[in-house]
There are 2 protein chains.
Amino acid sequence: MSEVPNVAIVGATGAVGEEMRLCLEERNFPLKSLTLLASARSAGKKMTFRGEELTVKELTHDSFEGIDIALFSAGGGISLSYGPSAAAAGCVVIDNSSAFRMDPEVPLVVPEINPEAARNAPKKIIANPNCSTIIALMGLAPLHDAFGLRSIIASTYQAVSGSGAQGIIELEEQVKAIATDQPFEMKVYPRQIAFNVIPQVDAFTDNGYTKEELKMLNEGRKILGLEHLKVSCTCVRVPVYRSHSISITAQFEKPVDVASAHAAYADRAGVKLMDDPANGVFPVPLDTTGKDDCLVGRVRKNLVFNNALDLWMVGDQVRKGAALNAVQIAELL
Amino acid sequence: MSEVPNVAIVGATGAVGEEMRLCLEERNFPLKSLTLLASARSAGKKMTFRGEELTVKELTHDSFEGIDIALFSAGGGISLSYGPSAAAAGCVVIDNSSAFRMDPEVPLVVPEINPEAARNAPKKIIANPNCSTIIALMGLAPLHDAFGLRSIIASTYQAVSGSGAQGIIELEEQVKAIATDQPFEMKVYPRQIAFNVIPQVDAFTDNGYTKEELKMLNEGRKILGLEHLKVSCTCVRVPVYRSHSISITAQFEKPVDVASAHAAYADRAGVKLMDDPANGVFPVPLDTTGKDDCLVGRVRKNLVFNNALDLWMVGDQVRKGAALNAVQIAELL
């Protein structure tokens with residue numbers, strides 16, 4: 001992008017859309033104008049950006065005239081329908097949905113890991129990876145560079161904000177109803193989420209895995225360029241408002257120990273070690289809420305396999321897992 | 001035990017002690033008398049058993065005269081100090097603490113898995129395993145019998161009642177304080193547990209694992225009689241009041257698929273399949289609260305290893321994970 005761009009956010013009133021606006025502001029992203037787009041229902045709403053009041057406009061196929069970069073976060077259906085219109089209007093689309101992630105002509109980018117991929121976007125669409133995948137790979141990429149990643153076994157502890165604003169409301173309302181002994185409805189989740197955990201995130205596929213669980217396999221291979229990477233994952237929703245945690249067993253090609261693993265994180269952007277169990281230091285979801293960096297702790301030699309580590313990773317999935325990563329991709333352009 | 005026994009509960013006013021009394025009553029456990037023992041602080045408290053009011057007595061080294069079976073759940077220190085006194089008085093001790101579990105002269109028993117071990121108790125002490133270990137093995141033993149267990153990789157989602165009544169109070173008080181925007185103290189857990197998860201259960205050891213994480217390895221080997229079983233575990237506390245959940249990857253000696261795994265659970269006592277993801281059927285902690293059976297769901301072929309499955313297990317850790325298992329051991333005698 002040779003000039004200062006005109007930027008649009010599609011889904012500007014959603015949880016991730018709002019965080020995208022915040023990230024653009026906080027990072028002093030250079031832009032000529034910001035256009036906020038959403039459904040007809042949200043059009044007319046006022047939002048502040050850099051002290052200026054902006055009015056949300058209704059998304060149409062003609063919304064992208066003169067826009068250089070559009071950050072999409074309004075669900076896969078909207079991306080499939082409006083993404084190509086935006087690209088046809090000359091705009092680069094950075095899409096937070098899963099709609100284009102596995103398209104071989106669409107790069108899937110974590111700027112700290114595979115920034116070079118963003119350069120080759122023949123469809124003018126760049127995909128933002130799944131939130132748990134970003135957080136896991138932010139923790140694993142430094143180790144992959146040093147020891148060669150072979151396989152991942154992951155169990156997630158995913159916050160309700162991963163389901164958008166409605167997930168947050170559902171947890172809040174259930175906690176309130178239980179405190180006052182009132183009945184409550186379940187709208188977003190198939191079971192009670194307050195004081196419970198639910199081993200289902202996204203829909204089930206034929207092999208018994210959910211779509212969410214297969215994303216770490218398919219997206220992980222594409223981002224790391226590791227065709228034969230093996231990944232098995234169990235995704236679980238927990239009653240946490242924000243930040244996903246992931247318990248990981250990772251096997252490597254080369255021998256690895258805790259000291260050499262710790263050393264691999266030196267000078268890496270976007271990921272920090274928080275690993276001193278003897279002094280009670282390890283990351284929890286509350287540590288990353290609203291923060292850019294992913295945190296890694298509980299690094300130890302796995303007791304089942306050679307050349308393997310167990311780790312605990314935490315990251316704000318609204319921020320690095322979605323909005324921040326999309327804005328960082330825009331910064332690459 | 002040739003005659004109807006006199007039974008005592010040590011730690012009768014604790015969360016597990018209360019559940020032991022409930023289990024004895026519900027299961028119509030044949031007994032001549034029930035003696036409730038606790039610290040001086042709790043002595044004098046009244047509790048009901050089979051419609052009769054019993055008074056809690058202070059635990060002393062002379063408490064076990066005439067007692068045939070003593071169920072201990074008052075912490076490792078009390079077990080180490082008073083367990084041998086009880087055994088010396090001719091009583092069989094069934095101990096819920098970790099104090100004697102790895103003693104080669106103390107059997108470690110899950111009645112559905114290794115009931116025969118209870119017969120050989122030269123010290124007159126039988127140990128009740130760790131709660132997460134019991135729940136994991138209840139789900140894995142049927143598969144071990146059919147396919148030969150080689151290794152376990154586990155991530156737990158452990159309820160606050162695993163820390164006793166104080167854990168429940170801490171979660172309740174934090175939820176209330178957050179709702180009314182009041183400050184709160186942390187007494188039981190090192191970090192906020194409400195709307196958070198904490199990757200530490202029990203104290204850290206030198207290799208970076210917590211004591212709790214090593215229990216599944218050491219106790220699993222002893223209960224299954226599998227000297228070379230490999231286990232790597234990450235134990236995490238979650239804001240759930242009751243019932244532990246465990247995400248497991250298990251490797252076997254023989255080939256295994258979902259249908260043959262399902263078949264292995266037929267006619268097994270104490271464990272039930274709840275596994276029909278296409279129809280949204282999988283177990284959550286609320287399904288097992290106050291129930292005897294452990295539940296197994298999300299059975300699927302692991303995508304990293306041959307002869308391996310991923311599974312999701314849930315069980316009430318106060319009940320099958322502690323009190324019920326102890327009473328079942330007493331029933332073996």
# chains A, B, ... in the order shown; residues from 1 in each chain; ligands from 1

$ residues_around --residues "region 176-182 of chain A" --least-positions-apart "5" --cutoff "10 Å" --atoms "only C-alpha atoms" --output "count of residues only"
8

$ residues_around --residues "region 313-328 of chain A" --least-positions-apart "5" --cutoff "6 Å" --atoms "only C-alpha atoms" --output "PyMOL selection string"
chain A and resi 16+19-20+131+134-135+243-246+288-289+292+294-296

$ closest_residue --among "B:Met216, B:Leu286, B:Leu37, B:Met274" --to "chain A" --atoms "only C-alpha atoms"
B:Leu286

$ closest_residue --among "B:Val304, B:Met47, B:Val281, B:Ile248" --to "Ala136 (chain B)" --atoms "only C-alpha atoms"
B:Ile248

$ select_by_dssp --residues "region 26-274 of chain B" --states "alpha helix (DSSP H)" --output "mmCIF file with N, CA and C atoms, in the first residue's frame"
data_model
loop_
_atom_site.group_PDB
_atom_site.id
_atom_site.type_symbol
_atom_site.label_atom_id
_atom_site.label_comp_id
_atom_site.auth_asym_id
_atom_site.auth_seq_id
_atom_site.Cartn_x
_atom_site.Cartn_y
_atom_site.Cartn_z
ATOM 1 N N GLU B 26 -27.577 -44.246 52.230
ATOM 2 C CA GLU B 26 -28.224 -44.557 50.950
ATOM 3 C C GLU B 26 -28.032 -46.009 50.539
ATOM 4 N N GLY B 76 -3.917 -35.717 55.419
ATOM 5 C CA GLY B 76 -2.815 -36.669 55.557
ATOM 6 C C GLY B 76 -2.209 -36.690 56.952
ATOM 7 N N GLY B 77 -2.117 -35.533 57.599
ATOM 8 C CA GLY B 77 -1.517 -35.448 58.927
ATOM 9 C C GLY B 77 -2.295 -36.271 59.940
ATOM 10 N N ILE B 78 -3.620 -36.123 59.934
ATOM 11 C CA ILE B 78 -4.482 -36.884 60.851
ATOM 12 C C ILE B 78 -4.365 -38.376 60.553
ATOM 13 N N SER B 79 -4.335 -38.739 59.281
ATOM 14 C CA SER B 79 -4.237 -40.155 58.917
ATOM 15 C C SER B 79 -2.926 -40.753 59.416
ATOM 16 N N LEU B 80 -1.825 -40.024 59.216
ATOM 17 C CA LEU B 80 -0.518 -40.527 59.653
ATOM 18 C C LEU B 80 -0.470 -40.694 61.168
ATOM 19 N N SER B 81 -1.119 -39.773 61.873
ATOM 20 C CA SER B 81 -1.052 -39.789 63.331
ATOM 21 C C SER B 81 -2.027 -40.803 63.944
ATOM 22 N N TYR B 82 -3.283 -40.806 63.429
ATOM 23 C CA TYR B 82 -4.322 -41.621 64.080
ATOM 24 C C TYR B 82 -4.592 -42.947 63.368
ATOM 25 N N GLY B 83 -4.204 -43.072 62.088
ATOM 26 C CA GLY B 83 -4.455 -44.321 61.356
ATOM 27 C C GLY B 83 -3.815 -45.523 62.040
ATOM 28 N N PRO B 84 -2.502 -45.443 62.379
ATOM 29 C CA PRO B 84 -1.860 -46.575 63.054
ATOM 30 C C PRO B 84 -2.490 -46.892 64.417
ATOM 31 N N SER B 85 -2.950 -45.855 65.152
ATOM 32 C CA SER B 85 -3.631 -46.121 66.446
ATOM 33 C C SER B 85 -4.885 -46.942 66.196
ATOM 34 N N ALA B 86 -5.631 -46.564 65.174
ATOM 35 C CA ALA B 86 -6.872 -47.267 64.870
ATOM 36 C C ALA B 86 -6.571 -48.716 64.501
ATOM 37 N N ALA B 87 -5.551 -48.912 63.633
ATOM 38 C CA ALA B 87 -5.194 -50.266 63.210
ATOM 39 C C ALA B 87 -4.735 -51.093 64.414
ATOM 40 N N ALA B 88 -3.971 -50.451 65.319
ATOM 41 C CA ALA B 88 -3.484 -51.161 66.507
ATOM 42 C C ALA B 88 -4.637 -51.595 67.397
ATOM 43 N N CYS B 131 -8.905 -38.431 43.670
ATOM 44 C CA CYS B 131 -10.200 -38.302 42.991
ATOM 45 C C CYS B 131 -10.091 -38.305 41.467
ATOM 46 N N SER B 132 -9.177 -37.514 40.905
ATOM 47 C CA SER B 132 -9.042 -37.466 39.441
ATOM 48 C C SER B 132 -8.576 -38.823 38.913
ATOM 49 N N THR B 133 -7.728 -39.491 39.697
ATOM 50 C CA THR B 133 -7.233 -40.804 39.284
ATOM 51 C C THR B 133 -8.382 -41.803 39.233
ATOM 52 N N ILE B 134 -9.247 -41.794 40.256
ATOM 53 C CA ILE B 134 -10.388 -42.721 40.265
ATOM 54 C C ILE B 134 -11.255 -42.475 39.032
ATOM 55 N N ILE B 135 -11.593 -41.216 38.768
ATOM 56 C CA ILE B 135 -12.500 -40.905 37.654
ATOM 57 C C ILE B 135 -11.862 -41.309 36.322
ATOM 58 N N ALA B 136 -10.579 -40.973 36.141
ATOM 59 C CA ALA B 136 -9.900 -41.341 34.890
ATOM 60 C C ALA B 136 -9.861 -42.859 34.729
ATOM 61 N N LEU B 137 -9.532 -43.572 35.808
ATOM 62 C CA LEU B 137 -9.399 -45.025 35.686
ATOM 63 C C LEU B 137 -10.750 -45.712 35.534
ATOM 64 N N MET B 138 -11.811 -45.152 36.120
ATOM 65 C CA MET B 138 -13.147 -45.725 35.900
ATOM 66 C C MET B 138 -13.466 -45.710 34.401
ATOM 67 N N GLY B 139 -13.044 -44.656 33.713
ATOM 68 C CA GLY B 139 -13.281 -44.577 32.272
ATOM 69 C C GLY B 139 -12.296 -45.401 31.463
ATOM 70 N N LEU B 140 -11.073 -45.573 31.983
ATOM 71 C CA LEU B 140 -10.031 -46.240 31.190
ATOM 72 C C LEU B 140 -9.948 -47.745 31.436
ATOM 73 N N ALA B 141 -10.366 -48.208 32.626
ATOM 74 C CA ALA B 141 -10.198 -49.632 32.946
ATOM 75 C C ALA B 141 -10.909 -50.550 31.939
ATOM 76 N N PRO B 142 -12.153 -50.239 31.519
ATOM 77 C CA PRO B 142 -12.801 -51.113 30.528
ATOM 78 C C PRO B 142 -11.998 -51.164 29.216
ATOM 79 N N LEU B 143 -11.399 -50.048 28.841
ATOM 80 C CA LEU B 143 -10.607 -50.011 27.604
ATOM 81 C C LEU B 143 -9.283 -50.749 27.807
ATOM 82 N N HIS B 144 -8.706 -50.617 29.008
ATOM 83 C CA HIS B 144 -7.464 -51.346 29.316
ATOM 84 C C HIS B 144 -7.695 -52.849 29.220
ATOM 85 N N ASP B 145 -8.816 -53.313 29.777
ATOM 86 C CA ASP B 145 -9.111 -54.753 29.728
ATOM 87 C C ASP B 145 -9.225 -55.245 28.288
ATOM 88 N N ALA B 146 -9.754 -54.408 27.420
ATOM 89 C CA ALA B 146 -9.982 -54.839 26.038
ATOM 90 C C ALA B 146 -8.770 -54.607 25.132
ATOM 91 N N PHE B 147 -8.043 -53.523 25.365
ATOM 92 C CA PHE B 147 -7.022 -53.133 24.374
ATOM 93 C C PHE B 147 -5.614 -52.960 24.958
ATOM 94 N N ALA B 165 -14.990 -27.817 51.766
ATOM 95 C CA ALA B 165 -16.011 -26.779 51.917
ATOM 96 C C ALA B 165 -15.434 -25.380 51.702
ATOM 97 N N GLN B 166 -14.175 -25.178 52.069
ATOM 98 C CA GLN B 166 -13.560 -23.844 51.930
ATOM 99 C C GLN B 166 -13.428 -23.420 50.470
ATOM 100 N N GLY B 167 -13.239 -24.383 49.578
ATOM 101 C CA GLY B 167 -13.159 -24.068 48.151
ATOM 102 C C GLY B 167 -14.493 -23.571 47.624
ATOM 103 N N ILE B 168 -15.567 -24.207 48.074
ATOM 104 C CA ILE B 168 -16.919 -23.799 47.668
ATOM 105 C C ILE B 168 -17.198 -22.382 48.149
ATOM 106 N N ILE B 169 -16.869 -22.133 49.419
ATOM 107 C CA ILE B 169 -17.111 -20.803 50.000
ATOM 108 C C ILE B 169 -16.317 -19.739 49.245
ATOM 109 N N GLU B 170 -15.067 -20.051 48.893
ATOM 110 C CA GLU B 170 -14.225 -19.058 48.204
ATOM 111 C C GLU B 170 -14.828 -18.676 46.848
ATOM 112 N N LEU B 171 -15.320 -19.665 46.091
ATOM 113 C CA LEU B 171 -15.924 -19.348 44.788
ATOM 114 C C LEU B 171 -17.210 -18.537 44.982
ATOM 115 N N GLU B 172 -18.062 -18.982 45.929
ATOM 116 C CA GLU B 172 -19.314 -18.251 46.205
ATOM 117 C C GLU B 172 -19.042 -16.802 46.582
ATOM 118 N N GLU B 173 -18.083 -16.601 47.481
ATOM 119 C CA GLU B 173 -17.805 -15.244 47.976
ATOM 120 C C GLU B 173 -17.229 -14.363 46.879
ATOM 121 N N GLN B 174 -16.381 -14.930 46.031
ATOM 122 C CA GLN B 174 -15.812 -14.125 44.940
ATOM 123 C C GLN B 174 -16.881 -13.733 43.928
ATOM 124 N N VAL B 175 -17.772 -14.664 43.598
ATOM 125 C CA VAL B 175 -18.842 -14.357 42.635
ATOM 126 C C VAL B 175 -19.716 -13.233 43.190
ATOM 127 N N LYS B 176 -20.044 -13.336 44.483
ATOM 128 C CA LYS B 176 -20.876 -12.317 45.133
ATOM 129 C C LYS B 176 -20.154 -10.968 45.159
ATOM 130 N N ALA B 177 -18.886 -10.977 45.520
ATOM 131 C CA ALA B 177 -18.114 -9.726 45.611
ATOM 132 C C ALA B 177 -18.003 -9.068 44.237
ATOM 133 N N ILE B 178 -17.790 -9.857 43.195
ATOM 134 C CA ILE B 178 -17.653 -9.296 41.848
ATOM 135 C C ILE B 178 -18.989 -8.700 41.394
ATOM 136 N N ALA B 179 -20.101 -9.378 41.727
ATOM 137 C CA ALA B 179 -21.429 -8.880 41.326
ATOM 138 C C ALA B 179 -21.740 -7.538 41.965
ATOM 139 N N LYS B 211 2.092 -32.187 42.719
ATOM 140 C CA LYS B 211 1.858 -33.497 43.348
ATOM 141 C C LYS B 211 0.623 -34.156 42.758
ATOM 142 N N GLU B 212 -0.449 -33.344 42.565
ATOM 143 C CA GLU B 212 -1.701 -33.868 42.003
ATOM 144 C C GLU B 212 -1.459 -34.491 40.633
ATOM 145 N N GLU B 213 -0.630 -33.846 39.807
ATOM 146 C CA GLU B 213 -0.380 -34.342 38.445
ATOM 147 C C GLU B 213 0.377 -35.657 38.445
ATOM 148 N N LEU B 214 1.222 -35.858 39.472
ATOM 149 C CA LEU B 214 2.006 -37.099 39.532
ATOM 150 C C LEU B 214 1.209 -38.256 40.122
ATOM 151 N N LYS B 215 0.071 -37.926 40.775
ATOM 152 C CA LYS B 215 -0.736 -38.995 41.378
ATOM 153 C C LYS B 215 -1.299 -39.926 40.312
ATOM 154 N N MET B 216 -1.757 -39.352 39.179
ATOM 155 C CA MET B 216 -2.350 -40.205 38.154
ATOM 156 C C MET B 216 -1.321 -41.198 37.608
ATOM 157 N N LEU B 217 -0.048 -40.763 37.551
ATOM 158 C CA LEU B 217 1.027 -41.658 37.129
ATOM 159 C C LEU B 217 1.265 -42.742 38.178
ATOM 160 N N ASN B 218 1.583 -42.329 39.399
ATOM 161 C CA ASN B 218 1.997 -43.292 40.425
ATOM 162 C C ASN B 218 0.845 -44.179 40.889
ATOM 163 N N GLU B 219 -0.313 -43.567 41.131
ATOM 164 C CA GLU B 219 -1.461 -44.349 41.604
ATOM 165 C C GLU B 219 -2.034 -45.197 40.469
ATOM 166 N N GLY B 220 -2.022 -44.662 39.256
ATOM 167 C CA GLY B 220 -2.518 -45.424 38.105
ATOM 168 C C GLY B 220 -1.730 -46.711 37.920
ATOM 169 N N ARG B 221 -0.396 -46.617 38.004
ATOM 170 C CA ARG B 221 0.452 -47.813 37.886
ATOM 171 C C ARG B 221 0.108 -48.848 38.949
ATOM 172 N N LYS B 222 -0.070 -48.371 40.195
ATOM 173 C CA LYS B 222 -0.320 -49.298 41.308
ATOM 174 C C LYS B 222 -1.685 -49.965 41.182
ATOM 175 N N ILE B 223 -2.717 -49.187 40.861
ATOM 176 C CA ILE B 223 -4.077 -49.740 40.791
ATOM 177 C C ILE B 223 -4.210 -50.717 39.631
ATOM 178 N N LEU B 224 -3.667 -50.352 38.477
ATOM 179 C CA LEU B 224 -3.795 -51.218 37.299
ATOM 180 C C LEU B 224 -2.722 -52.300 37.271
ATOM 181 N N VAL B 258 -13.928 -46.502 17.600
ATOM 182 C CA VAL B 258 -14.987 -45.990 18.477
ATOM 183 C C VAL B 258 -15.992 -47.100 18.818
ATOM 184 N N ALA B 259 -16.364 -47.906 17.818
ATOM 185 C CA ALA B 259 -17.374 -48.945 18.068
ATOM 186 C C ALA B 259 -16.863 -49.975 19.077
ATOM 187 N N SER B 260 -15.611 -50.412 18.921
ATOM 188 C CA SER B 260 -15.095 -51.417 19.861
ATOM 189 C C SER B 260 -14.880 -50.797 21.239
ATOM 190 N N ALA B 261 -14.553 -49.505 21.275
ATOM 191 C CA ALA B 261 -14.422 -48.825 22.568
ATOM 192 C C ALA B 261 -15.783 -48.761 23.257
ATOM 193 N N HIS B 262 -16.810 -48.377 22.515
ATOM 194 C CA HIS B 262 -18.155 -48.337 23.093
ATOM 195 C C HIS B 262 -18.540 -49.712 23.655
ATOM 196 N N ALA B 263 -18.228 -50.755 22.892
ATOM 197 C CA ALA B 263 -18.604 -52.121 23.310
ATOM 198 C C ALA B 263 -17.930 -52.491 24.626
ATOM 199 N N ALA B 264 -16.736 -51.943 24.876
ATOM 200 C CA ALA B 264 -15.996 -52.293 26.094
ATOM 201 C C ALA B 264 -16.715 -51.846 27.360
#

$ closest_atom_pairs --of "chain B" --to "chain A" --cutoff "7 Å" --atoms "only C-alpha atoms" --output "tab-separated table"
residue	atom	partner	partner_atom	distance
B:Ser151	CA	A:Val304	CA	6.7
B:Ser155	CA	A:Ser155	CA	6.6
B:Phe195	CA	A:Val240	CA	4.2
B:Asn196	CA	A:Val240	CA	5.3
B:Val197	CA	A:Val284	CA	6.3
B:Ile198	CA	A:Val284	CA	6.0
B:Phe204	CA	A:Ala278	CA	6.6
B:Gly208	CA	A:Arg300	CA	5.7
B:Lys230	CA	A:Val304	CA	5.1
B:Val231	CA	A:Val304	CA	5.8
B:Ser232	CA	A:Leu303	CA	5.0
B:Pro239	CA	A:Phe195	CA	5.7
B:Val240	CA	A:Phe195	CA	4.2
B:Tyr241	CA	A:Phe195	CA	6.2
B:Ser247	CA	A:Ser155	CA	6.7
B:Pro277	CA	A:Phe204	CA	6.7
B:Ala278	CA	A:Phe204	CA	6.6
B:Val284	CA	A:Ile198	CA	6.0
B:Pro285	CA	A:Asn196	CA	6.0
B:Leu286	CA	A:Asn196	CA	6.5
B:Arg298	CA	A:Gly208	CA	6.9
B:Arg300	CA	A:Gly208	CA	5.7
B:Asn302	CA	A:Ser232	CA	6.0
B:Leu303	CA	A:Ser232	CA	5.1
B:Val304	CA	A:Lys230	CA	5.1

$ select_by_dssp --residues "region 72-317 of chain B" --states "strand (DSSP E)" --output "tab-separated table (two decimals) with N, CA and C atoms, in the first residue's frame"
chain	number	residue	atom	x	y	z
B	72	PHE	N	-11.39	-42.69	57.08
B	72	PHE	CA	-10.65	-41.46	57.39
B	72	PHE	C	-10.75	-40.47	56.23
B	92	VAL	N	-10.00	-51.82	60.84
B	92	VAL	CA	-9.50	-51.65	59.48
B	92	VAL	C	-9.69	-50.18	59.09
B	93	VAL	N	-8.60	-49.55	58.66
B	93	VAL	CA	-8.64	-48.14	58.27
B	93	VAL	C	-8.80	-48.04	56.74
B	94	ILE	N	-9.80	-47.27	56.29
B	94	ILE	CA	-9.92	-46.95	54.87
B	94	ILE	C	-9.66	-45.46	54.76
B	95	ASP	N	-8.51	-45.14	54.16
B	95	ASP	CA	-7.99	-43.77	54.28
B	95	ASP	C	-8.11	-43.03	52.96
B	125	ILE	N	-4.55	-51.16	56.86
B	125	ILE	CA	-4.87	-49.87	56.24
B	125	ILE	C	-5.07	-50.09	54.74
B	126	ILE	N	-6.17	-49.57	54.20
B	126	ILE	CA	-6.44	-49.61	52.76
B	126	ILE	C	-6.59	-48.16	52.30
B	127	ALA	N	-5.94	-47.82	51.21
B	127	ALA	CA	-5.98	-46.42	50.76
B	127	ALA	C	-6.99	-46.24	49.63
B	149	LEU	N	-3.75	-50.79	28.06
B	149	LEU	CA	-3.38	-49.37	28.17
B	149	LEU	C	-1.86	-49.20	28.15
B	150	ARG	N	-1.37	-48.25	27.34
B	150	ARG	CA	0.07	-47.97	27.29
B	150	ARG	C	0.42	-46.62	27.90
B	151	SER	N	-0.39	-45.60	27.58
B	151	SER	CA	-0.07	-44.26	28.10
B	151	SER	C	-1.33	-43.40	28.20
B	152	ILE	N	-1.23	-42.40	29.06
B	152	ILE	CA	-2.33	-41.44	29.27
B	152	ILE	C	-1.75	-40.03	29.19
B	153	ILE	N	-2.38	-39.17	28.42
B	153	ILE	CA	-2.12	-37.74	28.51
B	153	ILE	C	-3.43	-37.10	28.94
B	154	ALA	N	-3.43	-36.40	30.08
B	154	ALA	CA	-4.67	-35.89	30.65
B	154	ALA	C	-4.58	-34.42	30.98
B	155	SER	N	-5.67	-33.69	30.73
B	155	SER	CA	-5.84	-32.32	31.23
B	155	SER	C	-7.13	-32.30	32.02
B	156	THR	N	-7.07	-31.81	33.26
B	156	THR	CA	-8.25	-31.87	34.11
B	156	THR	C	-8.95	-30.52	34.21
B	157	TYR	N	-10.21	-30.58	34.57
B	157	TYR	CA	-11.07	-29.42	34.82
B	157	TYR	C	-11.69	-29.72	36.20
B	230	LYS	N	2.79	-45.06	31.22
B	230	LYS	CA	3.30	-43.69	31.18
B	230	LYS	C	2.13	-42.71	31.25
B	231	VAL	N	2.28	-41.69	32.07
B	231	VAL	CA	1.20	-40.72	32.26
B	231	VAL	C	1.79	-39.32	32.35
B	232	SER	N	1.23	-38.40	31.60
B	232	SER	CA	1.58	-36.98	31.74
B	232	SER	C	0.28	-36.21	31.91
B	233	CYS	N	0.25	-35.33	32.90
B	233	CYS	CA	-1.03	-34.76	33.32
B	233	CYS	C	-0.87	-33.26	33.61
B	234	THR	N	-1.89	-32.49	33.28
B	234	THR	CA	-1.96	-31.08	33.65
B	234	THR	C	-3.26	-30.88	34.44
B	244	HIS	N	-15.46	-33.35	38.70
B	244	HIS	CA	-14.27	-33.11	37.90
B	244	HIS	C	-14.51	-33.62	36.48
B	245	SER	N	-13.94	-32.93	35.49
B	245	SER	CA	-13.93	-33.40	34.11
B	245	SER	C	-12.47	-33.61	33.71
B	246	ILE	N	-12.25	-34.57	32.80
B	246	ILE	CA	-10.88	-34.87	32.37
B	246	ILE	C	-10.87	-35.11	30.86
B	247	SER	N	-10.02	-34.40	30.16
B	247	SER	CA	-9.79	-34.61	28.73
B	247	SER	C	-8.60	-35.55	28.59
B	248	ILE	N	-8.80	-36.70	27.95
B	248	ILE	CA	-7.77	-37.75	27.96
B	248	ILE	C	-7.42	-38.21	26.54
B	249	THR	N	-6.13	-38.36	26.29
B	249	THR	CA	-5.64	-39.10	25.14
B	249	THR	C	-5.01	-40.38	25.68
B	250	ALA	N	-5.52	-41.54	25.24
B	250	ALA	CA	-5.02	-42.83	25.75
B	250	ALA	C	-4.51	-43.66	24.58
B	251	GLN	N	-3.28	-44.17	24.73
B	251	GLN	CA	-2.70	-45.09	23.74
B	251	GLN	C	-2.83	-46.52	24.23
B	252	PHE	N	-3.10	-47.43	23.31
B	252	PHE	CA	-3.30	-48.84	23.66
B	252	PHE	C	-2.34	-49.74	22.89
B	271	VAL	N	-19.71	-47.02	35.56
B	271	VAL	CA	-19.32	-46.11	34.47
B	271	VAL	C	-20.32	-46.27	33.33
B	272	LYS	N	-20.76	-45.14	32.79
B	272	LYS	CA	-21.76	-45.17	31.72
B	272	LYS	C	-21.30	-44.32	30.55
B	273	LEU	N	-21.62	-44.79	29.35
B	273	LEU	CA	-21.37	-44.00	28.14
B	273	LEU	C	-22.45	-42.94	28.00
B	294	CYS	N	-19.63	-42.63	36.97
B	294	CYS	CA	-18.79	-41.76	36.15
B	294	CYS	C	-19.31	-41.86	34.71
B	295	LEU	N	-19.19	-40.77	33.97
B	295	LEU	CA	-19.70	-40.72	32.59
B	295	LEU	C	-18.56	-40.51	31.61
B	296	VAL	N	-18.69	-41.18	30.46
B	296	VAL	CA	-17.66	-41.09	29.40
B	296	VAL	C	-18.32	-40.65	28.11
B	297	GLY	N	-17.72	-39.66	27.45
B	297	GLY	CA	-18.24	-39.21	26.17
B	297	GLY	C	-17.13	-38.75	25.24
B	298	ARG	N	-17.52	-38.20	24.11
B	298	ARG	CA	-16.56	-37.67	23.13
B	298	ARG	C	-15.48	-38.70	22.76
B	299	VAL	N	-15.86	-39.98	22.68
B	299	VAL	CA	-14.89	-41.02	22.32
B	299	VAL	C	-14.61	-40.91	20.82
B	300	ARG	N	-13.34	-40.74	20.45
B	300	ARG	CA	-12.99	-40.63	19.03
B	300	ARG	C	-11.55	-41.04	18.83
B	301	LYS	N	-11.21	-41.42	17.60
B	301	LYS	CA	-9.83	-41.83	17.31
B	301	LYS	C	-8.92	-40.63	17.42
B	308	ALA	N	-4.99	-45.21	19.42
B	308	ALA	CA	-5.20	-44.22	20.49
B	308	ALA	C	-6.57	-43.58	20.36
B	309	LEU	N	-7.14	-43.22	21.51
B	309	LEU	CA	-8.44	-42.56	21.55
B	309	LEU	C	-8.33	-41.24	22.31
B	310	ASP	N	-9.19	-40.30	21.95
B	310	ASP	CA	-9.44	-39.12	22.79
B	310	ASP	C	-10.79	-39.34	23.47
B	311	LEU	N	-10.87	-38.98	24.75
B	311	LEU	CA	-12.11	-39.18	25.51
B	311	LEU	C	-12.31	-38.01	26.47
B	312	TRP	N	-13.54	-37.88	26.95
B	312	TRP	CA	-13.92	-36.86	27.92
B	312	TRP	C	-14.65	-37.58	29.06
B	313	MET	N	-14.13	-37.44	30.28
B	313	MET	CA	-14.70	-38.17	31.42
B	313	MET	C	-15.15	-37.19	32.49
B	314	VAL	N	-16.26	-37.51	33.11
B	314	VAL	CA	-16.79	-36.67	34.18
B	314	VAL	C	-17.23	-37.54	35.35
B	315	GLY	N	-16.95	-37.10	36.56
B	315	GLY	CA	-17.39	-37.84	37.74
B	315	GLY	C	-17.47	-36.91	38.94

$ atom_distance --atom1 "CA of Pro115 (chain A)" --atom2 "CA of Ser161 (chain A)"
26.9 Å
